[in-house]
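K.L.:
Hey, dropping run30.txt in here, compact mmCIF, C-alpha atoms and all ligand atoms:
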# COMPACT_ATOMS: atom_id res chain seq x y z
CA MET A 1 112.24 133.94 -23.88
CA HIS A 2 109.25 131.85 -22.90
CA THR A 3 109.91 128.66 -20.95
CA PRO A 4 107.07 126.12 -21.04
CA VAL A 5 105.47 125.55 -17.66
CA MET A 6 105.35 122.06 -16.05
CA VAL A 7 106.46 120.44 -19.26
CA ASP A 8 107.34 117.05 -17.71
CA GLU A 9 103.93 116.85 -16.05
CA VAL A 10 102.22 117.75 -19.34
CA VAL A 11 104.06 115.01 -21.22
CA GLU A 12 103.34 112.46 -18.51
CA HIS A 13 99.59 113.14 -18.51
CA LEU A 14 99.16 113.43 -22.28
CA ALA A 15 101.34 110.37 -22.94
CA PRO A 16 102.23 111.30 -26.55
CA SER A 17 104.38 108.16 -26.80
CA ARG A 18 101.08 106.45 -27.67
CA GLY A 19 101.25 108.35 -30.96
CA GLY A 20 98.18 109.99 -32.48
CA VAL A 21 96.83 113.49 -32.99
CA PHE A 22 97.44 116.10 -30.31
CA VAL A 23 96.12 119.64 -30.09
CA ASP A 24 97.95 122.45 -28.37
CA CYS A 25 95.23 125.08 -27.94
CA THR A 26 97.70 127.77 -26.90
CA VAL A 27 100.80 126.92 -28.90
CA GLY A 28 102.53 130.20 -27.97
CA LEU A 29 106.20 129.86 -28.78
CA GLY A 30 105.89 126.11 -29.26
CA GLY A 31 107.62 124.90 -26.11
CA HIS A 32 105.04 122.33 -25.05
CA ALA A 33 104.34 121.43 -28.68
CA ARG A 34 107.97 120.57 -29.27
CA ALA A 35 108.06 118.39 -26.15
CA LEU A 36 104.93 116.50 -27.30
CA LEU A 37 106.39 115.93 -30.77
CA ASP A 38 109.76 114.87 -29.37
CA ALA A 39 107.96 112.40 -27.12
CA GLY A 40 106.13 110.74 -30.00
CA ALA A 41 103.00 112.66 -30.99
CA THR A 42 102.34 111.72 -34.63
CA ARG A 43 100.62 114.96 -35.52
CA LEU A 44 100.21 118.25 -33.71
CA ILE A 45 97.67 120.98 -34.32
CA GLY A 46 98.75 124.23 -32.69
CA ILE A 47 96.28 127.06 -32.21
CA ASP A 48 96.96 130.62 -31.09
CA ARG A 49 95.07 133.86 -31.41
CA ASP A 50 98.34 135.80 -31.59
CA ARG A 51 99.94 135.88 -35.05
CA ASP A 52 103.33 136.91 -33.65
CA ALA A 53 103.30 133.85 -31.41
CA LEU A 54 102.32 131.58 -34.31
CA ALA A 55 105.21 132.87 -36.39
CA ARG A 56 107.59 132.07 -33.55
CA ALA A 57 106.02 128.64 -33.06
CA GLY A 58 106.45 128.01 -36.78
CA GLU A 59 110.18 128.69 -36.50
CA ALA A 60 110.55 126.58 -33.37
CA LEU A 61 108.76 123.62 -34.98
CA THR A 62 110.15 123.65 -38.56
CA ALA A 63 112.11 120.45 -37.92
CA PHE A 64 108.85 118.53 -37.56
CA GLY A 65 107.67 119.45 -41.06
CA ASP A 66 104.15 118.42 -41.96
CA ARG A 67 103.54 116.71 -38.63
CA VAL A 68 102.60 120.22 -37.48
CA SER A 69 99.64 122.40 -38.51
CA LEU A 70 99.43 125.89 -37.07
CA VAL A 71 96.11 127.68 -36.95
CA HIS A 72 95.36 131.32 -36.19
CA GLY A 73 92.24 131.41 -34.08
CA ASP A 74 90.55 131.15 -30.75
CA TYR A 75 90.71 127.77 -29.05
CA ARG A 76 87.08 128.18 -28.15
CA ASN A 77 86.50 127.32 -31.82
CA LEU A 78 88.40 124.06 -31.56
CA ALA A 79 85.46 122.01 -32.84
CA GLU A 80 85.39 124.06 -36.08
CA VAL A 81 89.17 123.78 -36.45
CA LEU A 82 88.88 119.98 -36.29
CA ASP A 83 85.80 119.85 -38.55
CA GLU A 84 87.57 121.91 -41.22
CA ARG A 85 90.37 119.35 -41.25
CA GLY A 86 88.08 116.34 -41.24
CA ILE A 87 89.35 115.24 -37.83
CA GLU A 88 86.70 113.61 -35.69
CA THR A 89 88.61 112.75 -32.53
CA VAL A 90 92.03 113.51 -31.09
CA ASP A 91 94.23 111.71 -28.59
CA GLY A 92 95.26 114.60 -26.41
CA VAL A 93 94.53 118.27 -25.85
CA LEU A 94 96.58 120.84 -23.97
CA ALA A 95 95.43 124.32 -22.95
CA ASP A 96 98.07 126.45 -21.22
CA LEU A 97 95.97 129.52 -20.52
CA GLY A 98 96.89 133.14 -20.09
CA VAL A 99 99.57 135.28 -21.66
CA SER A 100 103.07 134.33 -22.75
CA SER A 101 106.18 136.09 -21.50
CA MET A 102 106.76 137.10 -25.10
CA GLN A 103 103.52 139.08 -25.01
CA LEU A 104 104.30 140.57 -21.60
CA ASP A 105 107.84 141.52 -22.55
CA ALA A 106 107.19 142.82 -26.07
CA PRO A 107 107.74 146.57 -26.09
CA ASP A 108 104.62 147.46 -28.05
CA ARG A 109 101.80 145.14 -26.98
CA GLY A 110 100.63 147.28 -24.11
CA PHE A 111 100.64 144.64 -21.36
CA SER A 112 103.37 146.17 -19.22
CA PHE A 113 103.05 148.79 -16.51
CA ARG A 114 106.81 148.91 -16.21
CA ARG A 115 107.17 150.77 -19.49
CA ASP A 116 105.21 153.45 -21.27
CA GLU A 117 103.63 151.99 -24.40
CA PRO A 118 100.32 152.24 -26.28
CA LEU A 119 97.57 150.69 -24.16
CA ASP A 120 96.51 147.76 -26.36
CA MET A 121 96.61 144.44 -24.42
CA ARG A 122 94.87 142.41 -27.14
CA MET A 123 96.35 138.97 -27.67
CA ASP A 124 94.82 139.02 -31.15
CA ARG A 125 95.70 142.36 -32.66
CA SER A 126 93.55 141.64 -35.70
CA SER A 127 90.23 141.91 -33.89
CA GLY A 128 88.35 143.49 -31.03
CA ALA A 129 88.77 146.70 -29.06
CA THR A 130 92.03 147.76 -27.39
CA ALA A 131 92.27 148.35 -23.65
CA ALA A 132 92.39 152.12 -24.32
CA GLU A 133 89.14 151.93 -26.31
CA MET A 134 87.40 149.74 -23.76
CA LEU A 135 88.43 151.96 -20.85
CA ALA A 136 87.24 155.07 -22.66
CA ALA A 137 83.82 153.48 -23.22
CA ALA A 138 83.32 151.81 -19.83
CA ASP A 139 81.17 153.12 -17.02
CA GLU A 140 82.53 153.29 -13.50
CA ARG A 141 80.39 150.47 -12.13
CA THR A 142 81.42 147.96 -14.81
CA LEU A 143 85.04 148.92 -14.37
CA ALA A 144 84.87 148.51 -10.61
CA ASP A 145 83.35 145.03 -11.03
CA VAL A 146 86.01 144.02 -13.55
CA ILE A 147 88.87 145.22 -11.35
CA TYR A 148 87.38 143.61 -8.25
CA GLU A 149 86.53 140.30 -9.85
CA PHE A 150 89.41 139.72 -12.28
CA GLY A 151 92.06 141.55 -10.27
CA GLU A 152 90.95 140.69 -6.75
CA GLU A 153 91.72 144.34 -6.01
CA ARG A 154 90.28 145.50 -2.68
CA HIS A 155 90.40 149.12 -3.78
CA ALA A 156 88.55 148.42 -7.02
CA ARG A 157 86.02 151.21 -6.48
CA ARG A 158 88.65 153.87 -5.91
CA VAL A 159 90.66 152.67 -8.87
CA ALA A 160 87.60 152.66 -11.15
CA ARG A 161 86.67 156.19 -10.05
CA ALA A 162 90.23 157.42 -10.64
CA ILE A 163 90.28 155.91 -14.13
CA VAL A 164 86.93 157.44 -15.08
CA ASP A 165 88.03 160.83 -13.70
CA ALA A 166 91.30 160.68 -15.59
CA GLU A 167 89.47 159.74 -18.81
CA ARG A 168 87.38 162.91 -18.46
CA THR A 169 90.46 165.09 -18.50
CA ARG A 170 92.22 163.30 -21.31
CA ARG A 171 91.89 159.81 -22.79
CA ILE A 172 94.23 157.24 -21.24
CA GLU A 173 96.31 156.09 -24.21
CA THR A 174 99.39 154.54 -22.63
CA THR A 175 100.31 151.95 -20.03
CA GLY A 176 102.44 154.52 -18.22
CA ARG A 177 99.56 156.90 -17.65
CA LEU A 178 97.20 154.10 -16.61
CA ALA A 179 99.77 152.80 -14.13
CA GLU A 180 100.19 156.31 -12.69
CA VAL A 181 96.44 156.77 -12.27
CA VAL A 182 96.08 153.37 -10.57
CA ARG A 183 99.07 153.85 -8.28
CA ARG A 184 97.78 157.22 -7.09
CA ALA A 185 94.35 155.74 -6.33
CA ILE A 186 95.64 153.00 -4.05
CA PRO A 187 96.51 153.88 -0.47
CA ARG A 188 100.11 152.96 0.27
CA LYS A 189 100.62 151.14 3.51
CA GLY A 190 104.30 150.65 4.05
CA TYR A 191 106.51 148.79 1.65
CA SER A 192 105.02 146.38 -0.84
CA ARG A 193 107.04 144.14 -3.09
CA ILE A 194 104.49 144.14 -5.87
CA ASP A 195 103.58 147.22 -7.88
CA PRO A 196 100.07 148.40 -6.88
CA ALA A 197 99.16 148.53 -10.58
CA THR A 198 99.69 144.76 -10.99
CA ARG A 199 96.19 143.62 -10.05
CA THR A 200 94.39 146.23 -12.14
CA PHE A 201 96.53 145.48 -15.19
CA GLN A 202 95.75 141.78 -14.85
CA ALA A 203 92.03 142.53 -14.52
CA ILE A 204 91.93 144.74 -17.60
CA ARG A 205 93.89 142.17 -19.60
CA ILE A 206 91.42 139.40 -18.70
CA TRP A 207 88.52 141.70 -19.58
CA VAL A 208 89.93 142.90 -22.92
CA ASN A 209 90.64 139.32 -24.03
CA ARG A 210 87.45 137.84 -22.53
CA GLU A 211 89.65 135.19 -20.99
CA LEU A 212 86.95 133.58 -18.84
CA ASP A 213 84.10 133.72 -21.34
CA GLY A 214 83.01 130.31 -22.53
CA LEU A 215 85.81 128.39 -20.83
CA ASP A 216 83.32 125.85 -19.45
CA GLY A 217 81.67 125.28 -22.83
CA PHE A 218 85.08 124.93 -24.45
CA LEU A 219 86.07 122.20 -21.97
CA SER A 220 82.85 120.25 -22.46
CA ARG A 221 83.04 120.40 -26.25
CA THR A 222 86.72 119.46 -26.20
CA VAL A 223 86.16 116.42 -24.04
CA GLY A 224 83.51 115.38 -26.57
CA ARG A 225 86.21 115.29 -29.25
CA LEU A 226 88.62 113.10 -27.31
CA ALA A 227 89.07 109.54 -28.56
CA PRO A 228 88.55 106.77 -26.01
CA ALA A 229 91.42 107.02 -23.49
CA GLY A 230 92.21 110.49 -24.89
CA ARG A 231 93.74 112.92 -22.45
CA LEU A 232 93.15 116.55 -21.50
CA VAL A 233 95.51 118.88 -19.62
CA VAL A 234 94.63 122.42 -18.59
CA ILE A 235 97.08 124.81 -16.93
CA THR A 236 95.67 127.97 -15.34
CA PHE A 237 97.31 131.00 -13.76
CA HIS A 238 94.40 132.60 -11.97
CA SER A 239 92.07 131.34 -9.24
CA LEU A 240 88.89 132.22 -11.16
CA GLU A 241 90.07 130.25 -14.17
CA ASP A 242 91.07 127.30 -12.02
CA ARG A 243 87.69 127.31 -10.34
CA VAL A 244 85.91 127.06 -13.70
CA VAL A 245 88.18 124.22 -14.78
CA LYS A 246 87.72 122.36 -11.51
CA HIS A 247 83.92 122.59 -11.55
CA THR A 248 83.57 121.75 -15.22
CA LEU A 249 85.82 118.70 -14.98
CA ARG A 250 83.96 117.49 -11.90
CA ALA A 251 80.62 117.83 -13.66
CA LEU A 252 81.99 115.90 -16.65
CA GLN A 253 83.26 113.19 -14.33
CA THR A 254 79.90 112.95 -12.57
CA ALA A 255 78.26 112.59 -15.97
CA GLY A 256 80.58 109.65 -16.64
CA THR A 257 82.41 111.33 -19.53
CA ILE A 258 85.91 111.56 -18.05
CA THR A 259 88.03 110.39 -15.15
CA ILE A 260 89.94 113.15 -13.40
CA ARG A 261 93.64 112.28 -13.07
CA THR A 262 94.49 115.06 -10.61
CA LYS A 263 92.49 114.96 -7.41
CA ARG A 264 94.13 118.22 -6.42
CA PRO A 265 95.69 120.55 -8.94
CA GLN A 266 99.37 119.92 -9.53
CA VAL A 267 101.70 122.85 -9.00
CA PRO A 268 105.28 123.44 -10.15
CA THR A 269 108.22 122.49 -7.97
CA GLU A 270 110.11 125.19 -6.07
CA ALA A 271 113.03 124.61 -8.41
CA GLU A 272 110.86 125.31 -11.47
CA ILE A 273 109.46 128.50 -9.95
CA GLU A 274 112.97 129.67 -9.24
CA ARG A 275 114.00 129.01 -12.84
CA ASN A 276 110.79 130.40 -14.35
CA PRO A 277 108.83 133.02 -12.39
CA ARG A 278 105.86 132.71 -14.79
CA ALA A 279 105.27 129.25 -13.31
CA ARG A 280 104.59 130.72 -9.87
CA SER A 281 100.80 130.64 -9.94
CA ALA A 282 100.34 127.67 -12.29
CA LYS A 283 97.83 124.94 -11.50
CA LEU A 284 97.54 121.85 -13.69
CA ARG A 285 94.47 119.63 -13.95
CA ALA A 286 94.23 116.54 -16.16
CA ALA A 287 91.58 114.03 -17.20
CA THR A 288 91.18 110.89 -19.29
CA ARG A 289 88.20 110.24 -21.53
N1 LIG A 301 102.47 126.65 -24.08
C1 LIG A 301 103.10 127.74 -24.80
C2 LIG A 301 102.89 129.09 -24.13
C3 LIG A 301 101.47 129.51 -24.05
S1 LIG A 301 101.24 131.12 -23.44
C4 LIG A 301 104.57 127.43 -24.99
O1 LIG A 301 105.03 126.39 -24.54
O2 LIG A 301 105.29 128.25 -25.59
C5 LIG A 301 99.56 131.32 -23.78
C6 LIG A 301 99.23 131.54 -25.24
O3 LIG A 301 97.83 131.35 -25.36
C7 LIG A 301 99.52 132.93 -25.77
O4 LIG A 301 100.34 132.86 -26.90
C8 LIG A 301 98.14 133.48 -26.13
O5 LIG A 301 98.13 134.27 -27.29
C9 LIG A 301 97.33 132.23 -26.34
N2 LIG A 301 95.90 132.34 -26.08
C10 LIG A 301 95.31 132.86 -24.99
N3 LIG A 301 93.98 132.77 -25.09
C11 LIG A 301 93.72 132.18 -26.29
C12 LIG A 301 92.51 131.80 -26.97
N4 LIG A 301 91.31 132.03 -26.44
N5 LIG A 301 92.63 131.18 -28.17
C13 LIG A 301 93.86 130.93 -28.71
N6 LIG A 301 95.01 131.27 -28.12
C14 LIG A 301 94.95 131.89 -26.92
Would you mind writing the file out in structure tokens?
Ligand code: SAH

P.N.:
Amino acid sequence: MHTPVMVDEVVEHLAPSRGGVFVDCTVGLGGHARALLDAGATRLIGIDRDRDALARAGEALTAFGDRVSLVHGDYRNLAEVLDERGIETVDGVLADLGVSSMQLDAPDRGFSFRRDEPLDMRMDRSSGATAAEMLAAADERTLADVIYEFGEERHARRVARAIVDAERTRRIETTGRLAEVVRRAIPRKGYSRIDPATRTFQAIRIWVNRELDGLDGFLSRTVGRLAPAGRLVVITFHSLEDRVVKHTLRALQTAGTITIRTKRPQVPTEAEIERNPRARSAKLRAATR
């Protein structure tokens, strides 16, 4: 199951009780969307690049009937999604970035190093290259950079070399084999609570899905579609992502376009983290047009 992260904070910032059109850029299983509709949003447009997620969101939101429109696509195309529907401005936008627990836990999506499954990792299985294809085509230098930057893995070079070497023997087709290769490449110093493959898997996932590409442009364009007093909430799960959000929102504030509502990023309470481990690294930033 996927529990929405910081749902009370999201509702407070977006203030759907004002009514109006709200966009959930990452509708996932519909948890936040449902909360926004329950709290008074007149209409909700839910976007996701994962068709499985959209189907689940559709089920979760049936009670709201035609107040909900679900769209398969990339939130970076939000402007087009609104244009196609003749919507000029919206009253609130939520982006809850990253992967859902449904994607992580699904037995065949290739995100998990705890099981052996085909190495896919695409959020949108209808387009783009799989992790297995991208690894097979990558050179060692690129791979090392990806693992270092997106995974904050100190041993990125070693891991990249090990992956390239392993690819030479036989293509890496499964999460189990990738995890083995990564674990063997990382020097073990005593007991560690987290699996040494964690950071590399995160890095490859971010790379395969181009998660950081165009995030700044997306935020600027989105703010441009907010009605006066419209609200924006972004939840990130990775320091690189949060940095982009922080800098972009600050630049938009300096330009006089928005007022930032969160001087520092908000984080979940201890109680929420205990209930929902996915919340652990969440950071929420909000702004008003
Ligand atoms: N807020 C949701 C959970 C979101 S999990 C809920 O309450 O249930 C993040 C979702 O964002 C995933 O379903 C993922 O497929 C989607 N996603 C990630 N990047 C995306 C992008 N660029 N465009 C559209 N959807 C994206």

K.L.:
Of the candidates A:Gln103, A:Gln266, A:Thr174, A:Thr257, which one gets nearest to Glu117 in chain A if we count all atoms listed in the file?

P.N.:
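Between A:Gln103, A:Gln266, A:Thr174, A:Thr257, the residue approaching Glu117 in chain A most closely is A:Thr174.
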
K.L.:
List all protein, DNA and RNA residues that have an atom no more than 7 Å from any atom of ligand LIG 301 (chain A), counting all atoms listed in the file, and report them as a VMD selection string.

P.N.:
chain A and resid 2 to 5 25 to 33 47 to 50 53 73 to 76 96 to 100 123 to 124 211

K.L.:
Hey, which of A:Asn209, A:Thr200, A:Thr175, A:Thr89 ends up closest to Phe111 in chain A? Count only C-alpha atoms.

P.N.:
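The answer is A:Thr175, which sits nearest to Phe111 in chain A.
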
K.L.:
Can you work out the spacing between CA of Thr42 in chain A and CA of Ala287 in chain A in Å, to one decimal?

P.N.:
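Value for the CA of Thr42 in chain A-CA of Ala287 in chain A distance: 20.6 Å.
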
K.L.:
Find the residues near range 258-261 of chain A: any atom within 8 Å, counting all atoms listed in the file, skip ones fewer than 5 places away on the same chain, and give them as a list in words.

P.N.:
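Listed by chain and then number, they are Val223, Leu249, Arg250, Leu252, Gln253, Arg285, Ala286, Ala287, Thr288 and Arg289 of chain A.
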
K.L.:
Counting only C-alpha atoms, figure out which residue out of A:Ala136, A:Ala279, A:Ala197, A:Ala63 gets nearest to Ile172 in chain A.

P.N.:
A:Ala136

K.L.:
For Phe113 in chain A, which of A:Ala55, A:Ala156, A:Leu135, A:Val181 is the closest residue, counting all atoms listed in the file?

P.N.:
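Of all the options, A:Val181 lies closest to Phe113 in chain A.
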
K.L.:
Given the choices A:Pro196, A:Gly86, A:Gly58, A:Pro265, which gets closest to Ser239 in chain A if the distance is worked out from all atoms listed in the file?

P.N.:
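Ranking A:Pro196, A:Gly86, A:Gly58, A:Pro265 by distance to Ser239 in chain A, first place goes to A:Pro265.
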
K.L.:
List the spatial neighbours of Leu14 in chain A as a PyMOL selection string - criterion: any atom at most 7 Å away, all atoms listed in the file, same-chain residues fewer than 4 positions off excluded.

P.N.:
chain A and resi 10+92+231-232

K.L.:
Kindly give the distance, in Å, that separates CA of Ala132 in chain A and CA of Glu241 in chain A, rounded to a single decimal.

P.N.:
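Computing the Euclidean distance for CA of Ala132 in chain A and CA of Glu241 in chain A yields 24.2 Å.
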
K.L.:
Identify the residues around (100.6, 116.9, -35.5) within a radius of 6 Å, measuring from only C-alpha atoms in the coordinates stated by the file, and give them as a compact mmCIF listing (two decimals) with C-alpha atoms, in the frame of the given file.

P.N.:
# COMPACT_ATOMS: atom_id res chain seq x y z
CA VAL A 21 96.83 113.49 -32.99
CA THR A 42 102.34 111.72 -34.63
CA ARG A 43 100.62 114.96 -35.52
CA LEU A 44 100.21 118.25 -33.71
CA ILE A 45 97.67 120.98 -34.32
CA ARG A 67 103.54 116.71 -38.63
CA VAL A 68 102.60 120.22 -37.48

K.L.:
So which one's closest to Leu54 in chain A, A:Ala138, A:Glu80, A:Met102, A:Ala95? Using all atoms listed in the file, please.

P.N.:
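So, comparing all the options, the nearest one is A:Met102.
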
K.L.:
Just give me the gap between CA of Arg34 in chain A and CA of His72 in chain A in Å, one decimal is fine.

P.N.:
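Interatomic distance, CA of Arg34 in chain A to CA of His72 in chain A: 18.0 Å.
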
K.L.:
For Phe201 in chain A, list every protein, DNA or RNA residue within 12 Å, evaluated using only C-alpha atoms, and leave out those in the same chain fewer than 4 positions away; present the list as number ranges by chain.

P.N.:
A: 104, 110-114, 119-121, 131, 135, 146-148, 150-153, 156, 159, 175-176, 178-183, 195-197, 205-208

K.L.:
Let me have the centre and edge lengths of the axis-aligned box enclosing all listed atoms of range 252-265 of chain A with 6 Å padding on every side, in Å to one decimal, as JSON.

P.N.:
{"center_x": 87.0, "center_y": 115.1, "center_z": -13.0, "size_x": 29.4, "size_y": 22.9, "size_z": 25.1}

K.L.:
Can you complete the atoms of range 202-235 of chain A to N, CA and C atoms and list them as a CSV table (one decimal), in the coordinates of the input?

P.N.:
chain,number,residue,atom,x,y,z
A,202,GLN,N,96.2,143.2,-14.6
A,202,GLN,CA,95.8,141.8,-14.8
A,202,GLN,C,94.3,141.8,-15.2
A,203,ALA,N,93.5,142.5,-14.4
A,203,ALA,CA,92.0,142.5,-14.5
A,203,ALA,C,91.7,143.0,-15.9
A,204,ILE,N,92.3,144.1,-16.3
A,204,ILE,CA,91.9,144.7,-17.6
A,204,ILE,C,92.3,143.8,-18.7
A,205,ARG,N,93.5,143.1,-18.6
A,205,ARG,CA,93.9,142.2,-19.6
A,205,ARG,C,92.9,141.0,-19.8
A,206,ILE,N,92.4,140.5,-18.6
A,206,ILE,CA,91.4,139.4,-18.7
A,206,ILE,C,90.1,139.9,-19.4
A,207,TRP,N,89.7,141.1,-19.1
A,207,TRP,CA,88.5,141.7,-19.6
A,207,TRP,C,88.6,141.9,-21.1
A,208,VAL,N,89.7,142.6,-21.5
A,208,VAL,CA,89.9,142.9,-22.9
A,208,VAL,C,89.9,141.6,-23.8
A,209,ASN,N,90.5,140.6,-23.3
A,209,ASN,CA,90.6,139.3,-24.0
A,209,ASN,C,89.5,138.3,-23.7
A,210,ARG,N,88.6,138.7,-22.9
A,210,ARG,CA,87.4,137.8,-22.5
A,210,ARG,C,88.0,136.5,-22.1
A,211,GLU,N,89.0,136.4,-21.3
A,211,GLU,CA,89.6,135.2,-21.0
A,211,GLU,C,88.8,134.1,-20.3
A,212,LEU,N,87.8,134.6,-19.6
A,212,LEU,CA,87.0,133.6,-18.8
A,212,LEU,C,85.7,133.2,-19.6
A,213,ASP,N,85.3,134.0,-20.6
A,213,ASP,CA,84.1,133.7,-21.3
A,213,ASP,C,84.1,132.4,-22.0
A,214,GLY,N,83.2,131.5,-21.8
A,214,GLY,CA,83.0,130.3,-22.5
A,214,GLY,C,84.1,129.3,-22.2
A,215,LEU,N,84.8,129.4,-21.2
A,215,LEU,CA,85.8,128.4,-20.8
A,215,LEU,C,85.1,127.0,-20.5
A,216,ASP,N,84.0,127.1,-19.8
A,216,ASP,CA,83.3,125.8,-19.4
A,216,ASP,C,82.8,125.1,-20.7
A,217,GLY,N,82.2,125.9,-21.6
A,217,GLY,CA,81.7,125.3,-22.8
A,217,GLY,C,82.8,124.7,-23.7
A,218,PHE,N,83.9,125.4,-23.7
A,218,PHE,CA,85.1,124.9,-24.4
A,218,PHE,C,85.5,123.6,-23.9
A,219,LEU,N,85.6,123.5,-22.6
A,219,LEU,CA,86.1,122.2,-22.0
A,219,LEU,C,85.1,121.1,-22.3
A,220,SER,N,83.8,121.3,-22.2
A,220,SER,CA,82.8,120.2,-22.5
A,220,SER,C,82.9,119.8,-23.9
A,221,ARG,N,83.0,120.8,-24.8
A,221,ARG,CA,83.0,120.4,-26.2
A,221,ARG,C,84.3,119.6,-26.6
A,222,THR,N,85.4,120.1,-25.9
A,222,THR,CA,86.7,119.5,-26.2
A,222,THR,C,86.7,118.0,-25.7
A,223,VAL,N,86.2,117.8,-24.6
A,223,VAL,CA,86.2,116.4,-24.0
A,223,VAL,C,85.4,115.5,-25.0
A,224,GLY,N,84.3,116.1,-25.6
A,224,GLY,CA,83.5,115.4,-26.6
A,224,GLY,C,84.3,115.0,-27.8
A,225,ARG,N,85.4,115.6,-28.1
A,225,ARG,CA,86.2,115.3,-29.2
A,225,ARG,C,87.4,114.4,-28.9
A,226,LEU,N,87.5,114.0,-27.7
A,226,LEU,CA,88.6,113.1,-27.3
A,226,LEU,C,88.3,111.7,-27.7
A,227,ALA,N,89.2,111.0,-28.3
A,227,ALA,CA,89.1,109.5,-28.6
A,227,ALA,C,89.0,108.8,-27.2
A,228,PRO,N,88.5,107.6,-27.2
A,228,PRO,CA,88.6,106.8,-26.0
A,228,PRO,C,90.0,106.7,-25.5
A,229,ALA,N,90.1,106.9,-24.2
A,229,ALA,CA,91.4,107.0,-23.5
A,229,ALA,C,92.2,108.3,-23.8
A,230,GLY,N,91.6,109.2,-24.6
A,230,GLY,CA,92.2,110.5,-24.9
A,230,GLY,C,92.4,111.3,-23.6
A,231,ARG,N,93.4,112.2,-23.7
A,231,ARG,CA,93.7,112.9,-22.4
A,231,ARG,C,93.6,114.4,-22.6
A,232,LEU,N,93.3,115.1,-21.5
A,232,LEU,CA,93.2,116.6,-21.5
A,232,LEU,C,94.0,117.1,-20.4
A,233,VAL,N,94.8,118.2,-20.7
A,233,VAL,CA,95.5,118.9,-19.6
A,233,VAL,C,95.2,120.4,-19.7
A,234,VAL,N,94.9,121.0,-18.6
A,234,VAL,CA,94.6,122.4,-18.6
A,234,VAL,C,95.5,123.0,-17.5
A,235,ILE,N,96.3,124.1,-17.9
A,235,ILE,CA,97.1,124.8,-16.9
A,235,ILE,C,96.5,126.2,-16.8
